[in-house]
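Asker: Handing over final21.txt, compact mmCIF, N, CA, C and O atoms.
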# COMPACT_ATOMS: atom_id res chain seq x y z
N MET A 474 7.84 0.00 19.60
CA MET A 474 7.97 -0.46 18.25
C MET A 474 9.27 0.05 17.63
O MET A 474 9.98 -0.70 16.99
N LEU A 475 9.58 1.31 17.84
CA LEU A 475 10.78 1.87 17.22
C LEU A 475 12.05 1.35 17.87
O LEU A 475 13.09 1.31 17.22
N GLN A 476 11.98 0.96 19.12
CA GLN A 476 13.16 0.49 19.80
C GLN A 476 13.53 -0.93 19.41
O GLN A 476 14.65 -1.35 19.60
N ASP A 477 12.59 -1.67 18.84
CA ASP A 477 12.84 -3.06 18.50
C ASP A 477 12.08 -3.42 17.22
O ASP A 477 11.18 -4.26 17.23
N TYR A 478 12.41 -2.78 16.14
CA TYR A 478 11.68 -2.99 14.90
C TYR A 478 11.83 -4.41 14.36
O TYR A 478 10.92 -4.94 13.74
N TYR A 479 12.94 -5.05 14.64
CA TYR A 479 13.16 -6.42 14.19
C TYR A 479 12.06 -7.35 14.71
O TYR A 479 11.44 -8.08 13.94
N ASN A 480 11.81 -7.32 16.01
CA ASN A 480 10.77 -8.17 16.58
C ASN A 480 9.37 -7.72 16.16
O ASN A 480 8.45 -8.54 16.09
N ASN A 481 9.21 -6.46 15.89
CA ASN A 481 7.95 -5.96 15.35
C ASN A 481 7.64 -6.68 14.03
O ASN A 481 6.53 -7.16 13.81
N LEU A 482 8.63 -6.78 13.17
CA LEU A 482 8.44 -7.48 11.90
C LEU A 482 8.11 -8.96 12.11
O LEU A 482 7.29 -9.52 11.38
N LEU A 483 8.71 -9.57 13.10
CA LEU A 483 8.44 -10.97 13.38
C LEU A 483 6.99 -11.20 13.81
O LEU A 483 6.46 -12.31 13.64
N ASP A 484 6.36 -10.18 14.36
CA ASP A 484 4.97 -10.30 14.80
C ASP A 484 3.94 -10.09 13.70
O ASP A 484 2.75 -10.33 13.91
N TYR A 485 4.38 -9.68 12.52
CA TYR A 485 3.43 -9.44 11.43
C TYR A 485 2.51 -10.63 11.17
O TYR A 485 1.29 -10.44 11.02
N PRO A 486 3.00 -11.86 11.11
CA PRO A 486 2.10 -12.98 10.87
C PRO A 486 1.00 -13.12 11.94
O PRO A 486 -0.13 -13.49 11.62
N LYS A 487 1.31 -12.78 13.17
CA LYS A 487 0.30 -12.83 14.24
C LYS A 487 -0.79 -11.78 13.99
O LYS A 487 -1.97 -12.05 14.16
N TRP A 488 -0.36 -10.58 13.61
CA TRP A 488 -1.32 -9.51 13.35
C TRP A 488 -2.18 -9.86 12.14
O TRP A 488 -3.40 -9.64 12.15
N GLN A 489 -1.55 -10.40 11.11
CA GLN A 489 -2.30 -10.77 9.91
C GLN A 489 -3.31 -11.87 10.22
O GLN A 489 -4.45 -11.83 9.74
N ALA A 490 -2.93 -12.83 11.02
CA ALA A 490 -3.86 -13.91 11.41
C ALA A 490 -5.04 -13.34 12.20
O ALA A 490 -6.18 -13.76 12.00
N TYR A 491 -4.76 -12.39 13.08
CA TYR A 491 -5.83 -11.75 13.84
C TYR A 491 -6.81 -11.06 12.90
O TYR A 491 -8.03 -11.21 13.03
N LEU A 492 -6.29 -10.30 11.95
CA LEU A 492 -7.15 -9.59 11.00
C LEU A 492 -7.99 -10.57 10.19
O LEU A 492 -9.20 -10.35 10.00
N ARG A 493 -7.38 -11.64 9.70
CA ARG A 493 -8.12 -12.64 8.93
C ARG A 493 -9.22 -13.29 9.76
O ARG A 493 -10.33 -13.50 9.27
N LYS A 494 -8.91 -13.61 11.01
CA LYS A 494 -9.87 -14.31 11.86
C LYS A 494 -11.04 -13.42 12.29
O LYS A 494 -12.20 -13.83 12.22
N TYR A 495 -10.76 -12.21 12.74
CA TYR A 495 -11.79 -11.37 13.35
C TYR A 495 -12.40 -10.33 12.42
O TYR A 495 -13.46 -9.79 12.74
N GLN A 496 -11.76 -10.03 11.32
CA GLN A 496 -12.29 -9.08 10.34
C GLN A 496 -12.80 -7.79 11.00
O GLN A 496 -13.95 -7.39 10.83
N PRO A 497 -11.94 -7.10 11.77
CA PRO A 497 -12.41 -5.87 12.42
C PRO A 497 -12.67 -4.77 11.39
O PRO A 497 -12.08 -4.76 10.30
N ALA A 498 -13.56 -3.89 11.74
CA ALA A 498 -13.77 -2.71 10.89
C ALA A 498 -12.42 -2.00 10.78
O ALA A 498 -11.77 -1.74 11.79
N THR A 499 -12.01 -1.73 9.56
CA THR A 499 -10.65 -1.22 9.34
C THR A 499 -10.66 -0.05 8.37
O THR A 499 -11.22 -0.14 7.28
N LEU A 500 -10.04 1.03 8.78
CA LEU A 500 -9.84 2.20 7.94
C LEU A 500 -8.35 2.32 7.65
O LEU A 500 -7.53 2.33 8.57
N ILE A 501 -8.02 2.41 6.37
CA ILE A 501 -6.62 2.57 5.95
C ILE A 501 -6.53 3.89 5.21
O ILE A 501 -7.17 4.07 4.17
N VAL A 502 -5.77 4.82 5.75
CA VAL A 502 -5.52 6.11 5.09
C VAL A 502 -4.01 6.19 4.93
O VAL A 502 -3.27 6.16 5.91
N TRP A 503 -3.54 6.32 3.70
CA TRP A 503 -2.13 6.11 3.38
C TRP A 503 -1.66 7.16 2.39
O TRP A 503 -2.42 7.55 1.49
N GLY A 504 -0.44 7.59 2.52
CA GLY A 504 0.14 8.49 1.54
C GLY A 504 0.66 7.71 0.33
O GLY A 504 1.59 6.92 0.47
N LYS A 505 0.05 7.92 -0.81
CA LYS A 505 0.44 7.13 -1.99
C LYS A 505 1.83 7.48 -2.50
O LYS A 505 2.40 6.74 -3.28
N ASN A 506 2.38 8.58 -2.03
CA ASN A 506 3.72 8.98 -2.45
C ASN A 506 4.78 8.71 -1.38
O ASN A 506 5.89 9.22 -1.47
N ASP A 507 4.43 7.92 -0.39
CA ASP A 507 5.35 7.60 0.70
C ASP A 507 6.47 6.71 0.15
O ASP A 507 6.19 5.62 -0.34
N PRO A 508 7.72 7.16 0.23
CA PRO A 508 8.81 6.35 -0.30
C PRO A 508 9.20 5.18 0.62
O PRO A 508 9.81 4.22 0.17
N ALA A 509 8.82 5.24 1.89
CA ALA A 509 9.19 4.19 2.84
C ALA A 509 8.12 3.10 2.92
O ALA A 509 8.43 1.91 2.91
N PHE A 510 6.87 3.51 3.05
CA PHE A 510 5.75 2.58 3.13
C PHE A 510 4.90 2.78 1.88
O PHE A 510 3.96 3.58 1.87
N ILE A 511 5.26 2.07 0.84
CA ILE A 511 4.67 2.29 -0.48
C ILE A 511 3.19 1.89 -0.49
O ILE A 511 2.72 1.13 0.36
N ALA A 512 2.48 2.39 -1.48
CA ALA A 512 1.04 2.17 -1.59
C ALA A 512 0.69 0.69 -1.64
O ALA A 512 -0.36 0.28 -1.13
N ALA A 513 1.54 -0.12 -2.22
CA ALA A 513 1.28 -1.56 -2.26
C ALA A 513 1.16 -2.14 -0.85
O ALA A 513 0.43 -3.12 -0.62
N GLY A 514 1.84 -1.54 0.11
CA GLY A 514 1.74 -1.98 1.50
C GLY A 514 0.35 -1.74 2.06
O GLY A 514 -0.16 -2.55 2.83
N ALA A 515 -0.27 -0.64 1.68
CA ALA A 515 -1.64 -0.37 2.13
C ALA A 515 -2.59 -1.37 1.50
O ALA A 515 -3.45 -1.94 2.18
N LYS A 516 -2.43 -1.61 0.23
CA LYS A 516 -3.31 -2.54 -0.48
C LYS A 516 -3.14 -3.96 0.02
O LYS A 516 -4.09 -4.75 -0.05
N ALA A 517 -2.00 -4.30 0.54
CA ALA A 517 -1.75 -5.66 1.05
C ALA A 517 -2.68 -6.00 2.21
O ALA A 517 -3.03 -7.17 2.40
N TYR A 518 -3.11 -4.99 2.97
CA TYR A 518 -4.04 -5.25 4.07
C TYR A 518 -5.35 -5.85 3.57
O TYR A 518 -6.04 -6.56 4.29
N LEU A 519 -5.69 -5.55 2.33
CA LEU A 519 -6.95 -6.06 1.78
C LEU A 519 -6.95 -7.57 1.61
O LEU A 519 -8.01 -8.19 1.52
N LYS A 520 -5.78 -8.18 1.60
CA LYS A 520 -5.70 -9.65 1.56
C LYS A 520 -6.27 -10.25 2.84
O LYS A 520 -6.89 -11.31 2.81
N ASP A 521 -6.05 -9.57 3.95
CA ASP A 521 -6.49 -10.07 5.25
C ASP A 521 -7.84 -9.50 5.66
O ASP A 521 -8.62 -10.17 6.34
N VAL A 522 -8.13 -8.28 5.27
CA VAL A 522 -9.39 -7.62 5.61
C VAL A 522 -9.96 -7.03 4.31
O VAL A 522 -9.83 -5.84 4.04
N PRO A 523 -10.58 -7.88 3.49
CA PRO A 523 -11.03 -7.43 2.17
C PRO A 523 -12.08 -6.32 2.20
O PRO A 523 -12.21 -5.57 1.23
N ASN A 524 -12.80 -6.18 3.30
CA ASN A 524 -13.81 -5.13 3.39
C ASN A 524 -13.28 -3.84 4.01
O ASN A 524 -14.07 -2.94 4.33
N ALA A 525 -11.98 -3.75 4.19
CA ALA A 525 -11.40 -2.53 4.76
C ALA A 525 -11.69 -1.35 3.83
O ALA A 525 -11.76 -1.50 2.61
N GLU A 526 -11.84 -0.20 4.45
CA GLU A 526 -12.01 1.04 3.70
C GLU A 526 -10.62 1.63 3.49
O GLU A 526 -9.91 1.87 4.47
N ILE A 527 -10.24 1.85 2.25
CA ILE A 527 -8.88 2.33 1.97
C ILE A 527 -8.93 3.63 1.17
O ILE A 527 -9.76 3.79 0.27
N HIS A 528 -8.05 4.55 1.56
CA HIS A 528 -7.92 5.84 0.88
C HIS A 528 -6.43 6.12 0.68
O HIS A 528 -5.69 6.19 1.66
N LEU A 529 -6.03 6.24 -0.56
CA LEU A 529 -4.64 6.60 -0.87
C LEU A 529 -4.61 8.09 -1.19
O LEU A 529 -5.19 8.53 -2.19
N LEU A 530 -3.98 8.84 -0.33
CA LEU A 530 -3.94 10.29 -0.46
C LEU A 530 -2.75 10.75 -1.29
O LEU A 530 -1.72 10.09 -1.33
N ASP A 531 -2.90 11.92 -1.88
CA ASP A 531 -1.79 12.53 -2.61
C ASP A 531 -0.88 13.20 -1.58
O ASP A 531 -0.88 14.41 -1.40
N SER A 532 -0.14 12.35 -0.86
CA SER A 532 0.75 12.82 0.20
C SER A 532 1.89 11.83 0.34
O SER A 532 1.91 10.79 -0.32
N GLY A 533 2.82 12.16 1.22
CA GLY A 533 3.99 11.32 1.42
C GLY A 533 3.95 10.60 2.75
O GLY A 533 2.88 10.20 3.23
N HIS A 534 5.11 10.47 3.37
CA HIS A 534 5.25 9.71 4.61
C HIS A 534 4.53 10.37 5.78
O HIS A 534 4.05 9.69 6.68
N PHE A 535 4.45 11.68 5.78
CA PHE A 535 3.84 12.40 6.90
C PHE A 535 2.46 12.92 6.51
O PHE A 535 2.16 14.11 6.60
N SER A 536 1.60 12.01 6.12
CA SER A 536 0.26 12.36 5.64
C SER A 536 -0.54 13.14 6.67
O SER A 536 -1.30 14.04 6.31
N VAL A 537 -0.40 12.79 7.94
CA VAL A 537 -1.17 13.48 8.98
C VAL A 537 -0.81 14.96 9.01
O VAL A 537 -1.68 15.81 9.24
N GLU A 538 0.44 15.28 8.77
CA GLU A 538 0.85 16.68 8.75
C GLU A 538 0.47 17.35 7.43
O GLU A 538 0.19 18.54 7.39
N GLU A 539 0.46 16.59 6.34
CA GLU A 539 0.17 17.14 5.02
C GLU A 539 -1.33 17.30 4.75
O GLU A 539 -1.75 18.22 4.07
N LYS A 540 -2.14 16.37 5.27
CA LYS A 540 -3.57 16.35 4.97
C LYS A 540 -4.42 16.12 6.23
O LYS A 540 -5.27 15.24 6.26
N PRO A 541 -4.21 16.90 7.28
CA PRO A 541 -4.91 16.62 8.54
C PRO A 541 -6.43 16.72 8.44
O PRO A 541 -7.15 15.89 9.01
N VAL A 542 -6.94 17.70 7.74
CA VAL A 542 -8.39 17.87 7.65
C VAL A 542 -9.01 16.73 6.86
O VAL A 542 -10.04 16.16 7.26
N GLU A 543 -8.40 16.36 5.75
CA GLU A 543 -8.91 15.27 4.92
C GLU A 543 -8.93 13.96 5.72
O GLU A 543 -9.91 13.21 5.69
N ILE A 544 -7.86 13.69 6.43
CA ILE A 544 -7.78 12.47 7.23
C ILE A 544 -8.81 12.49 8.35
O ILE A 544 -9.49 11.48 8.60
N ALA A 545 -8.96 13.62 9.01
CA ALA A 545 -9.96 13.73 10.08
C ALA A 545 -11.36 13.44 9.54
O ALA A 545 -12.15 12.76 10.21
N LYS A 546 -11.67 13.92 8.36
CA LYS A 546 -12.99 13.66 7.77
C LYS A 546 -13.18 12.17 7.50
O LYS A 546 -14.27 11.63 7.75
N TYR A 547 -12.15 11.50 7.00
CA TYR A 547 -12.25 10.04 6.79
C TYR A 547 -12.51 9.32 8.10
O TYR A 547 -13.31 8.39 8.17
N ILE A 548 -11.82 9.75 9.16
CA ILE A 548 -11.99 9.10 10.46
C ILE A 548 -13.40 9.32 10.99
O ILE A 548 -14.06 8.37 11.45
N VAL A 549 -13.87 10.54 10.94
CA VAL A 549 -15.23 10.85 11.45
C VAL A 549 -16.27 10.07 10.65
O VAL A 549 -17.17 9.45 11.23
N ASN A 550 -16.17 10.06 9.34
CA ASN A 550 -17.13 9.32 8.51
C ASN A 550 -17.09 7.83 8.80
O ASN A 550 -18.12 7.16 8.87
N PHE A 551 -15.89 7.29 8.97
CA PHE A 551 -15.72 5.88 9.29
C PHE A 551 -16.37 5.56 10.63
O PHE A 551 -17.11 4.57 10.75
N MET A 552 -16.11 6.37 11.63
CA MET A 552 -16.66 6.12 12.96
C MET A 552 -18.19 6.27 12.96
O MET A 552 -18.88 5.53 13.67
N ASP A 553 -18.72 7.17 12.17
CA ASP A 553 -20.17 7.35 12.09
C ASP A 553 -20.86 6.10 11.55
O ASP A 553 -21.99 5.81 11.90
N LYS A 554 -20.15 5.34 10.70
CA LYS A 554 -20.74 4.12 10.11
C LYS A 554 -20.72 2.94 11.07
O LYS A 554 -21.44 1.96 10.85
N LEU A 555 -19.91 3.02 12.12
CA LEU A 555 -19.80 1.87 13.04
C LEU A 555 -21.01 1.76 13.96
O LEU A 555 -21.61 2.64 14.38
Kindly return the structure encoded in the file as structure tokens.
Answerer:
Amino acid sequence: MLQDYYNNLLDYPKWQAYLRKYQPATLIVWGKNDPAFIAAGAKAYLKDVPNAEIHLLDSGHFSVEEKPVEIAKYIVNFMDKL
């Protein structure tokens, strides 16, 4: 993905179509203070997967490093519901 981000962007419509068609169980955990991938980007997933579980954390771009325990709890709780 990092070696060819241009083509990654071109594939977004395919991924969005997949999400709309199959409605997979989806967990979105996002840093609401991320300057690169803004919170609106997380909320945009709800257009394709309206039942997605979304959590906007008080963190930035490196949320996993900033809030590892909180994120792990969201993942475990999400997986327990499946």
Asker: Excluding stretch 535-545 of chain A and residues on its chain fewer than 4 positions from it, collect all residues at most 6 Å away from it, counting only N, CA, C and O atoms, and give them as a PyMOL selection string.
Answerer: chain A and resi 504+549-550
Asker: Please dump the current selection as a short mmCIF file (atom, residue, chain, number, x, y, z; two decimals), in the frame of the given file; keep N, CA, C and O atoms.
Answerer:
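Wrote it out as result-v3.cif, contents follow:
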data_model
loop_
_atom_site.label_atom_id
_atom_site.label_comp_id
_atom_site.auth_asym_id
_atom_site.auth_seq_id
_atom_site.Cartn_x
_atom_site.Cartn_y
_atom_site.Cartn_z
N GLY A 504 -0.44 7.59 2.52
CA GLY A 504 0.14 8.49 1.54
C GLY A 504 0.66 7.71 0.33
O GLY A 504 1.59 6.92 0.47
N VAL A 549 -13.87 10.54 10.94
CA VAL A 549 -15.23 10.85 11.45
C VAL A 549 -16.27 10.07 10.65
O VAL A 549 -17.17 9.45 11.23
N ASN A 550 -16.17 10.06 9.34
CA ASN A 550 -17.13 9.32 8.51
C ASN A 550 -17.09 7.83 8.80
O ASN A 550 -18.12 7.16 8.87
#
Asker: Counting only N, CA, C and O atoms, figure out which residue out of A:Val502, A:Ile548, A:Leu555, A:Ile511 gets nearest to A:Leu529.
Answerer: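 The closest residue to A:Leu529 is A:Val502.
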Asker: What are the DSSP helix (DSSP H, G or I) residues of chain A, as a ChimeraX atom specification?
Answerer: /A:475-483,485-495,512-521,536-539,541-554
Asker: A:Tyr495: which residues within 8 Å, counting only N, CA, C and O atoms, same-chain residues fewer than 6 positions away excluded, as a PDB file with N, CA, C and O atoms, in the coordinates of the input?
Answerer:
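Wrote out-v4.pdb, looks like this:
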ATOM      1  N   TRP A 488      -0.360 -10.580  13.610  1.00  0.00           N
ATOM      2  CA  TRP A 488      -1.320  -9.510  13.350  1.00  0.00           C
ATOM      3  C   TRP A 488      -2.180  -9.860  12.140  1.00  0.00           C
ATOM      4  O   TRP A 488      -3.400  -9.640  12.150  1.00  0.00           O
ATOM      5  N   GLN A 489      -1.550 -10.400  11.110  1.00  0.00           N
ATOM      6  CA  GLN A 489      -2.300 -10.770   9.910  1.00  0.00           C
ATOM      7  C   GLN A 489      -3.310 -11.870  10.220  1.00  0.00           C
ATOM      8  O   GLN A 489      -4.450 -11.830   9.740  1.00  0.00           O
ATOM      9  N   ASP A 521      -6.050  -9.570   3.950  1.00  0.00           N
ATOM     10  CA  ASP A 521      -6.490 -10.070   5.250  1.00  0.00           C
ATOM     11  C   ASP A 521      -7.840  -9.500   5.660  1.00  0.00           C
ATOM     12  O   ASP A 521      -8.620 -10.170   6.340  1.00  0.00           O
ATOM     13  N   VAL A 522      -8.130  -8.280   5.270  1.00  0.00           N
ATOM     14  CA  VAL A 522      -9.390  -7.620   5.610  1.00  0.00           C
ATOM     15  C   VAL A 522      -9.960  -7.030   4.310  1.00  0.00           C
ATOM     16  O   VAL A 522      -9.830  -5.840   4.040  1.00  0.00           O
TER      17      VAL A 522
END
Asker: When you draw a straight line from atom CA of A:Tyr547 to atom C of A:Asn480, how long is it in Å?
Answerer: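 These two atoms are separated by 29.5 Å.
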